[in-house]
Structure formats: structure tokens, C-alpha cells
Amino acid sequence: MTKKRLKILLVNPSCLDKRISGEDARIVPIGLFYIGALLMENGFDTQILNLADDSEDPISVFTKAITARMPDVIGFSVTNPNRWNAIDCAKAAKKINPEIVIVFGGPAPTFLFDHLFSACPEIDFIVKGEGEITFLELLTEIETGAKGSIEDIQGLVMKKGGRLVETPLRPSIENLDTLVHPSKYFTFQHLAMSRGCPGSCTFCGSPKFWGNRRVRFHSPEWFRREIEMLVIKGVTHFYISDDTFTMDKHRVLGFCRLIMEKNLFITWNAISRVDYVDEDILLAMRKAGCIQISYGVESGSEKIRKTLGKPIDREKIITAFSLTKAHGILPRAYFIYGSPGETKDTIQESIDLIRIIQPLSAIFYMLVIFPGTFLYQSAKEKQLVFDDLWHQRIEDLPWFEIDDTLDFTTVKAFGDTLRTAFYNNLDVFSQNLDLLDKKELYSFHADFLSRLAMTFSHGEYAADPRVKNQGDTAGRLFEQALSYAPDARAFLGLALQKQKSRDFDGAMDILENGMAHFPGNKDLNLCMGICLMNKGRFNAALTFFKPFQEYPETRHYIQICQKNS
């Protein structure tokens, strides 16, 4: 008789504080998909539960899920911000079934395993660092019942006889291509071609988590195949979350070439450093579908950048943002405020740099520190902070709380000042776009400009009162887009602006021009139909709606037209 396989539930807990925005906090980390795929490849009955993307109470969602599924083992992907939900869920699981095996993995357990065992006695095992092989070996031992050999598994911490037993750290997986393709079993948008970072950012725990600033890569072929399988499933936009995607130029160029050779019409965002991009990389990335690159600028102050472990020359920052925009890729800047040594003068230096690089998107973070980072370890050594801090129901430790020269009011004002300087000048930044005059990029430029325009007319900038001249900025960008190449989004944007002002004839003229280039475009046809409805021409409107009657919003318009015909 075949032994029943273990049921595994992998959980992405919710953060302690509610997220108003920021989709990254609500997605399943790619590591869970890698682990889930490896377990399924080895015959384990595996499911993933995302508690971070649910409007209901996460504990209620969790208890319903495990009551229905009754898993044998639950693995939690734990960070500092979500550790309390993981702890609460572990306690709830043990109350439902004391025999459930609870496993924690991820950055927080790797750096705080002794604390977590203390805070949550319900934990049975903690996986340190890279988790795929360790977790698979643990499950195999649990399933076969040979629990005496669990102590031989590398990368584990467990309880035994009232003490913690820590096994040696598992060596890193050298060839990432030996891992199972997560896309074989799951559908998602967030990807990574590499693991690790060679940087020395004092606020980041990634280098220590992945192993001594070493970087390991998937081959371009493996990564292309991962994307290709997701495209088959209907995914067309991706978020590539490598710490520095462009670190290996040859590898990036090879990946971009494969995407173009396979005619994979995708779009994607990436993260890079300003000292790891050049014209060759940017041209290849744009032609392969890259529409946004995020750069960690951190500060306009050279002194602050050095403190944060980012001693990058100011001119390299300026050049990277200029080149990125020139290739029709939207550059997003990350800034940190409230750092050691932060003053009004250093904030002004950041504002001055913002006005020079003119980012088209920006994220401003208050500096917080976590275990695993140089700043946290340094604070511990100076006895400014102790690990028992994490017994409090907090997500993180803002730097200002252990810095006598800073306080919440001052640091909040720093952030408000930076955001105001960015948002109040966005319309001006969008006017100063010097795009490369290369015919091979004209269609990409049109796409870039129309995307940017939409953020001012219908996206996040349209609804933000800090952004000036949204309508005029959008209109100018739509027109500029069409000066490079016909673009369906630009035609639609201009028509919607006319429609909004009830100039339906003007909107229809634009739409006719657009549909001459893109006759099968759903949005252009629907917009034309709505214009005709507003002019009382319901029968004519039906001719534009009916080809798209399978869409719910179109059926609504068809019913109105039929009623008024």
C-alpha cells in the first residue's frame, strides 16, 4: 500500500501594519514559488496561501484554510514586518492540531532564530538562508519517520531537550538552473535572474542573507524559458526584482537577445545601480520590453551616501538618469531620509539632486534598520539596541529612535519636504525629455510617452493634488508620442480628453485616425461607441460595441443602445 504523502501549506503572512499602497508588500515572495515547485516536483501535496493580499482578517482566513485542508506541515516565509502574523498563525495552527509541524524560514528567522523560538514556542524548525534543499530534506525525513537523522540536515535550527540545536549552514546552490521552474506549477509576475548582491549598503540585509556578497545567476536561457511559460499562461508584464539586474552585462544582453528572438511581446520593470548601466544595456533592455528601472540614489549628500554604503559619484547618478530617459525607459529614484548625520542641509542636497536628475517616479523611505544589516549590528555593538526589542509588536526600528540628533517630527518633515519637491516639479520634469533620435526607438518612444501621459491623465499623478497641470501635461505628452509613431494609447488619451470636455466630434476625429492604424483595438472602438451614444447615435454605436460583446463592460453599453434604438 502506497504511503500517503504529506500535505504542505506554504504561507506568506501579512504585515503588522496595513498597507495603503505598495504592491510589493502584498505579493507572494518568489522564494515560496521556488520552494513550492521543488516540493511538487518531488510529489508533495503543496499549496500556497497569501495572507498579505486579503481584505479579511488574516487569522480568520488562515484558520479557515487549515481547517479545510488540514496540512501536516506549514512553512512560513517570515520577514520582520510580517513576523507577528506568522507567530499568531503558528499559535492558531497548534490549537487546531498540535501535531502540525511549524517551520519558519526567511530573513527574520535566519538572523533572529533564538528570539523567534523564545517568542513562539510553537515553532518546530527554522530554516536558515536559502531554503529549497533544506526544506525538501526536512520534509523527506519527517515523511519517512527517520527523525533521528534530522540533525544531519544542514541549515536548520530546532529544539532538543530544552535547548536549541543549530546545524551547519548549508552551502549555496551554485547552479540556480538546477532548480525547478516555478512557472511549471504557478502563475506570477515577480521574477529574479540572480541571488545576492556585491554591494555594501549598510541598511540592507540581502548580501548577508544570500552569502557574503556573492552573486549567483540563472542562465539567460533558463530565465527566458521561465518568462515564456508565464506568457503562455497570459502574463505579459513582469517585475524583475534582482538587487542589481544589470550587474552581468553579457548575461543581460544575452537575455534581451533571447526575448527579442522569441518575439515575446512583454513589458517589464527592473532594479539596478547607476554605476551598472550604459548605452548598450539600456538599448537592449528597451527593445526587449523594459519600461522602468529603479535606482537606489538614497541621498543627494555624498556624506550620507557613504554612511549608507553607497559611495557613488554624483556624476554617475546624473548620467544614469539622463541615459535611461533618453532610451525611453522611465527612471524611478529611491531616496532614504532620516539617516545618521541627516540635517536640513543634507535634505537640501537631495532636493538639489532631484531637480538635476528629474526622476519621473520616486519613492521616499524613512530609514529603518533590521537584524542582518550593518547598521543594526553596529547599533547592537554600541548597546543602542538589543534583540529583545522584537518582543514588541512593531515592524521595524526607525533610525531616529536611537539617534539623539533626530526625532519623529524632524524626520517626518524631511520626508514631507522631499516629496513636495518631487511632486510639485513633476510637470516640469516631464517637459525636459531628451530622447535619442534613433529610428529603431521611435515606436518605443511613443509607447514611453503615452504611458507617462496616462499617469497624468488617469493614473496616480492624476489624482494627486501635489502634481500641477495634469491635463496639460498629459495632452502634451500624448501629442509628443504621436510625433514619433502611431500609438493606440496616445490616440485614446487624446480622445478621452476631448470626451471629458464633451467635444465628442473632436474625440471621434482622433479615434478615426487611431482606428485607421489600429482597427481592432478594443479601447479605441469602445471610446468611439461611447462618443456616438452621447450624440444619440445608438445604432451606429452598436457597430463598435458588438465585435467586443464578450467583455462585461461592453455588454452593458450594448443593452443601453438596444434599449434606445
# chains A, B, ... in the order shown; residues from 1 in each chain; ligands from 1
$ select_by_dssp --residues "range 115-351 of chain A" --states "strand (DSSP E)" --output "PyMOL selection string"
chain A and resi 125-127+156-160+163-166+190-191+194-195+216-217+237-240+267-272+290-298+330-337
$ closest_atom_pairs --of "range 306-350 of chain A" --to "range 266-273 of chain A" --cutoff "12 Å" --atoms "only C-alpha atoms" --output "CSV"
residue,atom,partner,partner_atom,distance
A:Lys310,CA,A:Arg273,CA,9.8
A:Pro311,CA,A:Arg273,CA,11.7
A:Ile312,CA,A:Arg273,CA,9.3
A:Asp313,CA,A:Arg273,CA,11.7
A:Lys316,CA,A:Arg273,CA,9.7
A:Ile317,CA,A:Arg273,CA,8.8
A:Thr319,CA,A:Arg273,CA,11.8
A:Ala320,CA,A:Arg273,CA,8.6
A:Phe321,CA,A:Arg273,CA,10.6
A:Thr324,CA,A:Ser272,CA,11.2
A:Ile329,CA,A:Asn269,CA,9.4
A:Leu330,CA,A:Asn269,CA,9.2
A:Pro331,CA,A:Ile271,CA,9.8
A:Arg332,CA,A:Ile271,CA,9.2
A:Ala333,CA,A:Ile271,CA,10.1
A:Tyr334,CA,A:Ile271,CA,10.3
$ closest_atom_pairs --of "range 107-131 of chain A" --to "range 210-216 of chain A" --cutoff "10 Å" --atoms "only C-alpha atoms" --output "tab-separated table"
residue	atom	partner	partner_atom	distance
A:Pro107	CA	A:Trp210	CA	9.6
A:Gly129	CA	A:Trp210	CA	6.6
A:Glu130	CA	A:Trp210	CA	6.9
$ write_last_selection --atoms "N, CA and C atoms" --output "PDB file, in the first residue's frame"
ATOM      1  N   PRO A 107      14.340  35.903   6.007  1.00  0.00           N
ATOM      2  CA  PRO A 107      15.353  36.771   6.642  1.00  0.00           C
ATOM      3  C   PRO A 107      15.232  36.865   8.159  1.00  0.00           C
ATOM      4  N   GLY A 129      18.692  30.881   5.816  1.00  0.00           N
ATOM      5  CA  GLY A 129      19.206  31.181   4.486  1.00  0.00           C
ATOM      6  C   GLY A 129      18.386  30.550   3.378  1.00  0.00           C
ATOM      7  N   GLU A 130      19.066  30.203   2.303  1.00  0.00           N
ATOM      8  CA  GLU A 130      18.434  29.625   1.114  1.00  0.00           C
ATOM      9  C   GLU A 130      17.701  28.338   1.499  1.00  0.00           C
TER      10      GLU A 130
END
$ residues_around --residues "Phe265 in chain A" --least-positions-apart "6" --cutoff "12 Å" --atoms "only C-alpha atoms" --output "list in words"
Ile227, Glu228, Val231, Ile232, Gly234, Val235, Thr236, His237, Phe238, Cys256, Leu258, Ile259, Arg286, Lys287, Ala288, Gly289 and Cys290 of chain A
$ residues_around --residues "Glu132 in chain A" --least-positions-apart "2" --cutoff "8 Å" --atoms "only C-alpha atoms" --output "number ranges by chain"
A: 34-35, 38, 130, 134-136
$ write_last_selection --atoms "N, CA and C atoms" --output "short mmCIF file (atom, residue, chain, number, x, y, z; two decimals), in the first residue's frame"
data_model
loop_
_atom_site.label_atom_id
_atom_site.label_comp_id
_atom_site.auth_asym_id
_atom_site.auth_seq_id
_atom_site.Cartn_x
_atom_site.Cartn_y
_atom_site.Cartn_z
N TYR A 34 9.56 29.04 -5.66
CA TYR A 34 10.66 28.10 -5.90
C TYR A 34 10.52 26.88 -5.00
N ILE A 35 10.26 27.12 -3.71
CA ILE A 35 10.13 26.00 -2.77
C ILE A 35 8.92 25.14 -3.13
N LEU A 38 9.62 22.94 -6.16
CA LEU A 38 10.51 21.83 -5.85
C LEU A 38 9.76 20.73 -5.08
N GLU A 130 19.07 30.20 2.30
CA GLU A 130 18.43 29.62 1.11
C GLU A 130 17.70 28.34 1.50
N THR A 134 17.09 22.51 1.96
CA THR A 134 16.92 22.22 3.39
C THR A 134 15.49 21.80 3.70
N PHE A 135 14.53 22.54 3.17
CA PHE A 135 13.13 22.23 3.46
C PHE A 135 12.73 20.89 2.84
N LEU A 136 13.19 20.62 1.62
CA LEU A 136 12.88 19.35 0.98
C LEU A 136 13.45 18.18 1.79
#
$ atom_distance --atom1 "CA of Tyr239 in chain A" --atom2 "CA of Ile30 in chain A"
10.8 Å
$ residues_around --residues "Arg83 in chain A" --least-positions-apart "2" --cutoff "12 Å" --atoms "only C-alpha atoms" --output "MDAnalysis selection string"
chainID A and resid 11:17 52 76:81 85:90 104:109 112:113 115:117 119:120 390:396
$ write_last_selection --atoms "N, CA and C atoms" --output "short mmCIF file (atom, residue, chain, number, x, y, z; two decimals), in the first residue's frame"
data_model
loop_
_atom_site.label_atom_id
_atom_site.label_comp_id
_atom_site.auth_asym_id
_atom_site.auth_seq_id
_atom_site.Cartn_x
_atom_site.Cartn_y
_atom_site.Cartn_z
N VAL A 11 2.97 29.60 3.50
CA VAL A 11 2.21 30.80 3.87
C VAL A 11 3.06 32.06 3.74
N ASN A 12 2.51 33.05 3.08
CA ASN A 12 3.08 34.40 3.07
C ASN A 12 2.25 35.23 4.05
N PRO A 13 2.75 35.50 5.25
CA PRO A 13 1.96 36.22 6.25
C PRO A 13 1.72 37.68 5.86
N SER A 14 0.78 38.30 6.55
CA SER A 14 0.52 39.72 6.32
C SER A 14 1.40 40.56 7.22
N CYS A 15 1.68 41.77 6.79
CA CYS A 15 2.48 42.67 7.60
C CYS A 15 1.65 43.16 8.80
N LEU A 16 2.34 43.60 9.81
CA LEU A 16 1.67 44.05 11.03
C LEU A 16 0.83 45.29 10.76
N ASP A 17 1.39 46.23 10.00
CA ASP A 17 0.69 47.47 9.68
C ASP A 17 0.02 47.35 8.32
N ALA A 52 -1.16 38.22 2.78
CA ALA A 52 -0.85 39.65 2.64
C ALA A 52 -1.77 40.35 1.67
N PHE A 76 6.27 28.99 6.84
CA PHE A 76 6.03 30.43 6.78
C PHE A 76 7.25 31.15 6.24
N SER A 77 7.04 32.07 5.29
CA SER A 77 8.11 32.94 4.79
C SER A 77 8.08 34.22 5.61
N VAL A 78 9.08 34.40 6.46
CA VAL A 78 8.99 35.41 7.52
C VAL A 78 10.01 36.53 7.35
N THR A 79 9.52 37.75 7.39
CA THR A 79 10.35 38.95 7.45
C THR A 79 10.03 39.67 8.75
N ASN A 80 10.79 40.70 9.07
CA ASN A 80 10.47 41.45 10.29
C ASN A 80 9.07 42.05 10.27
N PRO A 81 8.64 42.68 9.17
CA PRO A 81 7.31 43.27 9.18
C PRO A 81 6.16 42.27 9.32
N ASN A 85 2.30 38.23 12.42
CA ASN A 85 1.22 37.45 11.84
C ASN A 85 1.63 35.98 11.73
N ALA A 86 2.90 35.75 11.38
CA ALA A 86 3.39 34.36 11.33
C ALA A 86 3.31 33.70 12.71
N ILE A 87 3.70 34.43 13.74
CA ILE A 87 3.64 33.90 15.11
C ILE A 87 2.19 33.60 15.51
N ASP A 88 1.30 34.56 15.25
CA ASP A 88 -0.11 34.36 15.61
C ASP A 88 -0.72 33.17 14.87
N CYS A 89 -0.34 33.03 13.59
CA CYS A 89 -0.86 31.90 12.80
C CYS A 89 -0.31 30.57 13.33
N ALA A 90 0.96 30.56 13.70
CA ALA A 90 1.55 29.33 14.24
C ALA A 90 0.83 28.89 15.51
N PHE A 104 9.58 27.93 10.15
CA PHE A 104 9.79 29.32 9.75
C PHE A 104 11.05 29.40 8.89
N GLY A 105 10.98 30.22 7.85
CA GLY A 105 12.16 30.49 7.02
C GLY A 105 12.11 31.92 6.54
N GLY A 106 13.22 32.39 5.99
CA GLY A 106 13.27 33.77 5.51
C GLY A 106 14.27 34.61 6.29
N PRO A 107 14.34 35.90 6.01
CA PRO A 107 15.35 36.77 6.64
C PRO A 107 15.23 36.87 8.16
N ALA A 108 14.02 37.09 8.68
CA ALA A 108 13.88 37.26 10.13
C ALA A 108 14.31 36.01 10.89
N PRO A 109 13.86 34.81 10.53
CA PRO A 109 14.32 33.61 11.24
C PRO A 109 15.82 33.36 11.08
N LEU A 112 17.32 36.01 13.48
CA LEU A 112 16.75 36.13 14.83
C LEU A 112 16.15 34.81 15.31
N PHE A 113 16.78 33.70 14.97
CA PHE A 113 16.13 32.42 15.27
C PHE A 113 15.97 32.18 16.76
N HIS A 115 15.55 34.43 19.12
CA HIS A 115 14.44 35.27 19.59
C HIS A 115 13.10 34.67 19.20
N LEU A 116 12.98 34.20 17.95
CA LEU A 116 11.69 33.69 17.47
C LEU A 116 11.28 32.42 18.20
N PHE A 117 12.23 31.54 18.49
CA PHE A 117 11.88 30.36 19.29
C PHE A 117 11.38 30.77 20.67
N ALA A 119 9.89 33.74 21.38
CA ALA A 119 8.61 34.43 21.23
C ALA A 119 7.50 33.48 20.81
N CYS A 120 7.88 32.37 20.15
CA CYS A 120 6.88 31.46 19.61
C CYS A 120 7.31 30.01 19.83
N TRP A 390 12.42 43.07 19.72
CA TRP A 390 11.47 42.47 18.79
C TRP A 390 10.34 41.72 19.48
N HIS A 391 10.37 41.68 20.81
CA HIS A 391 9.21 41.17 21.54
C HIS A 391 8.04 42.16 21.48
N GLN A 392 8.35 43.40 21.12
CA GLN A 392 7.29 44.39 20.94
C GLN A 392 6.59 44.14 19.60
N ARG A 393 5.31 44.49 19.54
CA ARG A 393 4.56 44.31 18.29
C ARG A 393 4.84 45.50 17.38
N ILE A 394 6.04 45.50 16.82
CA ILE A 394 6.47 46.53 15.88
C ILE A 394 7.01 45.84 14.63
N GLU A 395 7.00 46.56 13.52
CA GLU A 395 7.52 46.01 12.28
C GLU A 395 9.02 46.21 12.16
N ASP A 396 9.48 47.39 12.57
CA ASP A 396 10.86 47.76 12.30
C ASP A 396 11.33 48.76 13.34
#
$ residues_around --residues "range 517-524 of chain A" --least-positions-apart "2" --cutoff "9 Å" --atoms "only C-alpha atoms" --output "PyMOL selection string"
chain A and resi 486-489+491-492+495+511-515+526-529+544-545+547-548
$ select_by_dssp --residues "range 289-520 of chain A" --states "alpha helix (DSSP H)" --output "ChimeraX atom specification"
/A:302-307,314-326,344-357,374-381,408-423,426-429,442-457,470-484,488-500,504-517
$ write_last_selection --atoms "C-alpha atoms" --output "short mmCIF file (atom, residue, chain, number, x, y, z; two decimals), in the first residue's frame"
data_model
loop_
_atom_site.label_atom_id
_atom_site.label_comp_id
_atom_site.auth_asym_id
_atom_site.auth_seq_id
_atom_site.Cartn_x
_atom_site.Cartn_y
_atom_site.Cartn_z
CA GLU A 302 27.89 62.47 -0.62
CA LYS A 303 28.46 62.14 3.14
CA ILE A 304 25.10 60.38 3.66
CA ARG A 305 25.66 58.09 0.67
CA LYS A 306 28.96 56.97 2.18
CA THR A 307 27.29 56.37 5.55
CA ARG A 314 27.21 62.22 -8.20
CA GLU A 315 28.00 62.48 -11.90
CA LYS A 316 27.27 58.77 -12.38
CA ILE A 317 23.82 59.30 -10.87
CA ILE A 318 23.13 62.19 -13.21
CA THR A 319 24.39 60.29 -16.26
CA ALA A 320 22.35 57.15 -15.48
CA PHE A 321 19.07 59.07 -15.19
CA SER A 322 19.78 61.03 -18.36
CA LEU A 323 20.64 57.91 -20.36
CA THR A 324 17.67 55.96 -19.04
CA LYS A 325 15.20 58.65 -20.08
CA ALA A 326 16.97 59.08 -23.42
CA LYS A 344 18.26 70.26 6.72
CA ASP A 345 21.37 70.84 4.66
CA THR A 346 21.67 67.20 3.55
CA ILE A 347 17.96 67.16 2.71
CA GLN A 348 18.51 70.27 0.60
CA GLU A 349 21.31 68.42 -1.20
CA SER A 350 18.80 65.67 -2.02
CA ILE A 351 16.33 68.25 -3.30
CA ASP A 352 19.05 69.82 -5.44
CA LEU A 353 19.89 66.40 -6.91
CA ILE A 354 16.21 65.66 -7.58
CA ARG A 355 15.98 68.86 -9.61
CA ILE A 356 19.03 67.84 -11.63
CA ILE A 357 18.21 64.17 -12.36
CA PHE A 374 25.43 46.56 9.21
CA LEU A 375 23.62 49.48 10.86
CA TYR A 376 21.68 47.17 13.17
CA GLN A 377 24.77 45.16 14.11
CA SER A 378 26.71 48.36 14.75
CA ALA A 379 23.92 49.68 16.97
CA LYS A 380 23.92 46.38 18.91
CA GLU A 381 27.67 46.57 19.47
CA PHE A 408 9.98 61.88 14.67
CA THR A 409 8.77 65.43 13.97
CA THR A 410 12.06 66.40 12.35
CA VAL A 411 12.36 63.25 10.25
CA LYS A 412 8.73 63.40 9.11
CA ALA A 413 9.32 66.99 7.99
CA PHE A 414 12.34 65.79 6.00
CA GLY A 415 10.15 63.29 4.16
CA ASP A 416 7.37 65.81 3.52
CA THR A 417 9.88 68.30 2.12
CA LEU A 418 11.39 65.74 -0.26
CA ARG A 419 8.01 64.55 -1.53
CA THR A 420 6.81 68.10 -2.10
CA ALA A 421 9.95 68.94 -4.06
CA PHE A 422 9.38 65.93 -6.29
CA TYR A 423 5.63 66.11 -6.89
CA LEU A 426 6.81 66.58 -11.97
CA ASP A 427 5.13 68.54 -14.72
CA VAL A 428 8.39 70.39 -15.37
CA PHE A 429 10.41 67.16 -15.31
CA TYR A 442 10.66 55.73 -32.36
CA SER A 443 7.85 53.27 -31.60
CA PHE A 444 9.33 52.66 -28.15
CA HIS A 445 9.48 56.42 -27.53
CA ALA A 446 5.81 56.73 -28.48
CA ASP A 447 4.97 53.94 -26.06
CA PHE A 448 7.05 55.53 -23.27
CA LEU A 449 5.50 58.97 -23.71
CA SER A 450 1.93 57.70 -23.87
CA ARG A 451 2.43 55.59 -20.74
CA LEU A 452 3.82 58.60 -18.91
CA ALA A 453 0.93 60.73 -20.18
CA MET A 454 -1.60 58.27 -18.82
CA THR A 455 -0.17 58.63 -15.32
CA PHE A 456 -1.03 62.33 -15.53
CA SER A 457 -4.47 61.86 -17.09
CA GLN A 470 -2.02 67.23 -15.04
CA GLY A 471 -4.31 67.70 -18.01
CA ASP A 472 -2.00 69.96 -19.99
CA THR A 473 0.98 67.72 -19.26
CA ALA A 474 -0.89 64.62 -20.40
CA GLY A 475 -2.08 66.28 -23.61
CA ARG A 476 1.41 67.48 -24.49
CA LEU A 477 2.89 64.03 -23.87
CA PHE A 478 0.19 62.30 -25.96
CA GLU A 479 0.93 64.67 -28.84
CA GLN A 480 4.65 64.15 -28.42
CA ALA A 481 4.13 60.39 -28.53
CA LEU A 482 2.33 60.62 -31.86
CA SER A 483 5.15 62.75 -33.27
CA TYR A 484 7.32 59.61 -33.06
CA ALA A 488 -3.05 53.39 -29.72
CA ARG A 489 -2.69 54.63 -26.14
CA ALA A 490 -1.86 58.16 -27.30
CA PHE A 491 -4.87 58.28 -29.64
CA LEU A 492 -7.08 57.03 -26.83
CA GLY A 493 -5.68 59.50 -24.31
CA LEU A 494 -6.28 62.48 -26.56
CA ALA A 495 -9.78 61.27 -27.40
CA LEU A 496 -10.61 60.80 -23.72
CA GLN A 497 -9.52 64.36 -23.01
CA LYS A 498 -11.85 65.62 -25.75
CA GLN A 499 -14.59 63.36 -24.47
CA LYS A 500 -14.17 64.68 -20.94
CA PHE A 504 -17.39 64.40 -28.97
CA ASP A 505 -16.79 65.40 -32.59
CA GLY A 506 -13.17 66.23 -31.80
CA ALA A 507 -12.80 62.92 -29.96
CA MET A 508 -14.26 60.99 -32.90
CA ASP A 509 -11.85 62.64 -35.33
CA ILE A 510 -8.93 61.46 -33.20
CA LEU A 511 -10.43 57.98 -32.83
CA GLU A 512 -10.96 57.62 -36.57
CA ASN A 513 -7.31 58.42 -37.09
CA GLY A 514 -6.34 55.93 -34.40
CA MET A 515 -8.50 53.14 -35.77
CA ALA A 516 -7.02 53.64 -39.20
CA HIS A 517 -3.79 52.36 -37.64
#
$ residues_around --residues "Leu164 in chain A" --least-positions-apart "2" --cutoff "12 Å" --atoms "only C-alpha atoms" --output "number ranges by chain"
A: 113-118, 121, 123-126, 151, 156-162, 166-167
$ write_last_selection --atoms "N, CA and C atoms" --output "JSON list (two decimals), in the first residue's frame"
[["chain", "number", "residue", "atom", "x", "y", "z"],
["A", 113, "PHE", "N", 16.78, 33.70, 14.97],
["A", 113, "PHE", "CA", 16.13, 32.42, 15.27],
["A", 113, "PHE", "C", 15.97, 32.18, 16.76],
["A", 114, "ASP", "N", 16.95, 32.59, 17.57],
["A", 114, "ASP", "CA", 16.82, 32.37, 19.01],
["A", 114, "ASP", "C", 15.68, 33.19, 19.59],
["A", 115, "HIS", "N", 15.55, 34.43, 19.12],
["A", 115, "HIS", "CA", 14.44, 35.27, 19.59],
["A", 115, "HIS", "C", 13.10, 34.67, 19.20],
["A", 116, "LEU", "N", 12.98, 34.20, 17.95],
["A", 116, "LEU", "CA", 11.69, 33.69, 17.47],
["A", 116, "LEU", "C", 11.28, 32.42, 18.20],
["A", 117, "PHE", "N", 12.23, 31.54, 18.49],
["A", 117, "PHE", "CA", 11.88, 30.36, 19.29],
["A", 117, "PHE", "C", 11.38, 30.77, 20.67],
["A", 118, "SER", "N", 11.96, 31.85, 21.22],
["A", 118, "SER", "CA", 11.52, 32.34, 22.52],
["A", 118, "SER", "C", 10.13, 32.96, 22.44],
["A", 121, "PRO", "N", 7.02, 29.46, 21.00],
["A", 121, "PRO", "CA", 7.40, 28.07, 21.29],
["A", 121, "PRO", "C", 6.75, 27.06, 20.35],
["A", 123, "ILE", "N", 6.96, 27.00, 17.23],
["A", 123, "ILE", "CA", 7.84, 26.71, 16.09],
["A", 123, "ILE", "C", 8.58, 25.39, 16.35],
["A", 124, "ASP", "N", 8.58, 24.52, 15.34],
["A", 124, "ASP", "CA", 9.32, 23.26, 15.44],
["A", 124, "ASP", "C", 10.70, 23.36, 14.81],
["A", 125, "PHE", "N", 10.78, 24.02, 13.64],
["A", 125, "PHE", "CA", 12.06, 24.14, 12.93],
["A", 125, "PHE", "C", 12.18, 25.53, 12.32],
["A", 126, "ILE", "N", 13.41, 26.00, 12.20],
["A", 126, "ILE", "CA", 13.70, 27.21, 11.44],
["A", 126, "ILE", "C", 14.72, 26.84, 10.38],
["A", 151, "GLU", "N", 19.00, 15.98, 12.49],
["A", 151, "GLU", "CA", 20.14, 16.80, 12.92],
["A", 151, "GLU", "C", 21.29, 16.78, 11.92],
["A", 156, "LEU", "N", 19.48, 24.09, 9.49],
["A", 156, "LEU", "CA", 18.31, 24.00, 10.37],
["A", 156, "LEU", "C", 18.63, 24.48, 11.78],
["A", 157, "VAL", "N", 17.60, 24.96, 12.47],
["A", 157, "VAL", "CA", 17.63, 25.17, 13.91],
["A", 157, "VAL", "C", 16.39, 24.48, 14.46],
["A", 158, "MET", "N", 16.57, 23.74, 15.57],
["A", 158, "MET", "CA", 15.44, 23.00, 16.15],
["A", 158, "MET", "C", 15.61, 22.95, 17.67],
["A", 159, "LYS", "N", 14.54, 22.57, 18.32],
["A", 159, "LYS", "CA", 14.59, 22.40, 19.78],
["A", 159, "LYS", "C", 14.88, 20.93, 20.11],
["A", 160, "LYS", "N", 15.73, 20.75, 21.13],
["A", 160, "LYS", "CA", 16.00, 19.39, 21.58],
["A", 160, "LYS", "C", 16.42, 19.45, 23.05],
["A", 161, "GLY", "N", 15.64, 18.77, 23.89],
["A", 161, "GLY", "CA", 15.98, 18.72, 25.31],
["A", 161, "GLY", "C", 16.05, 20.07, 25.97],
["A", 162, "GLY", "N", 15.16, 20.97, 25.60],
["A", 162, "GLY", "CA", 15.13, 22.28, 26.22],
["A", 162, "GLY", "C", 16.19, 23.25, 25.73],
["A", 166, "GLU", "N", 21.59, 24.02, 16.44],
["A", 166, "GLU", "CA", 21.79, 24.71, 15.16],
["A", 166, "GLU", "C", 22.76, 23.88, 14.32],
["A", 167, "THR", "N", 22.30, 23.44, 13.16],
["A", 167, "THR", "CA", 23.17, 22.65, 12.29],
["A", 167, "THR", "C", 24.00, 23.60, 11.42]]
$ closest_residue --among "A:Cys204, A:Ala284, A:Leu253, A:Leu32" --to "Phe370 in chain A" --atoms "only C-alpha atoms"
A:Cys204
$ closest_residue --among "A:Arg225, A:Lys91, A:Lys128, A:Lys233" --to "Lys208 in chain A" --atoms "only C-alpha atoms"
A:Lys128
$ atom_distance --atom1 "CA of Arg466 in chain A" --atom2 "CA of Leu360 in chain A"
14.3 Å
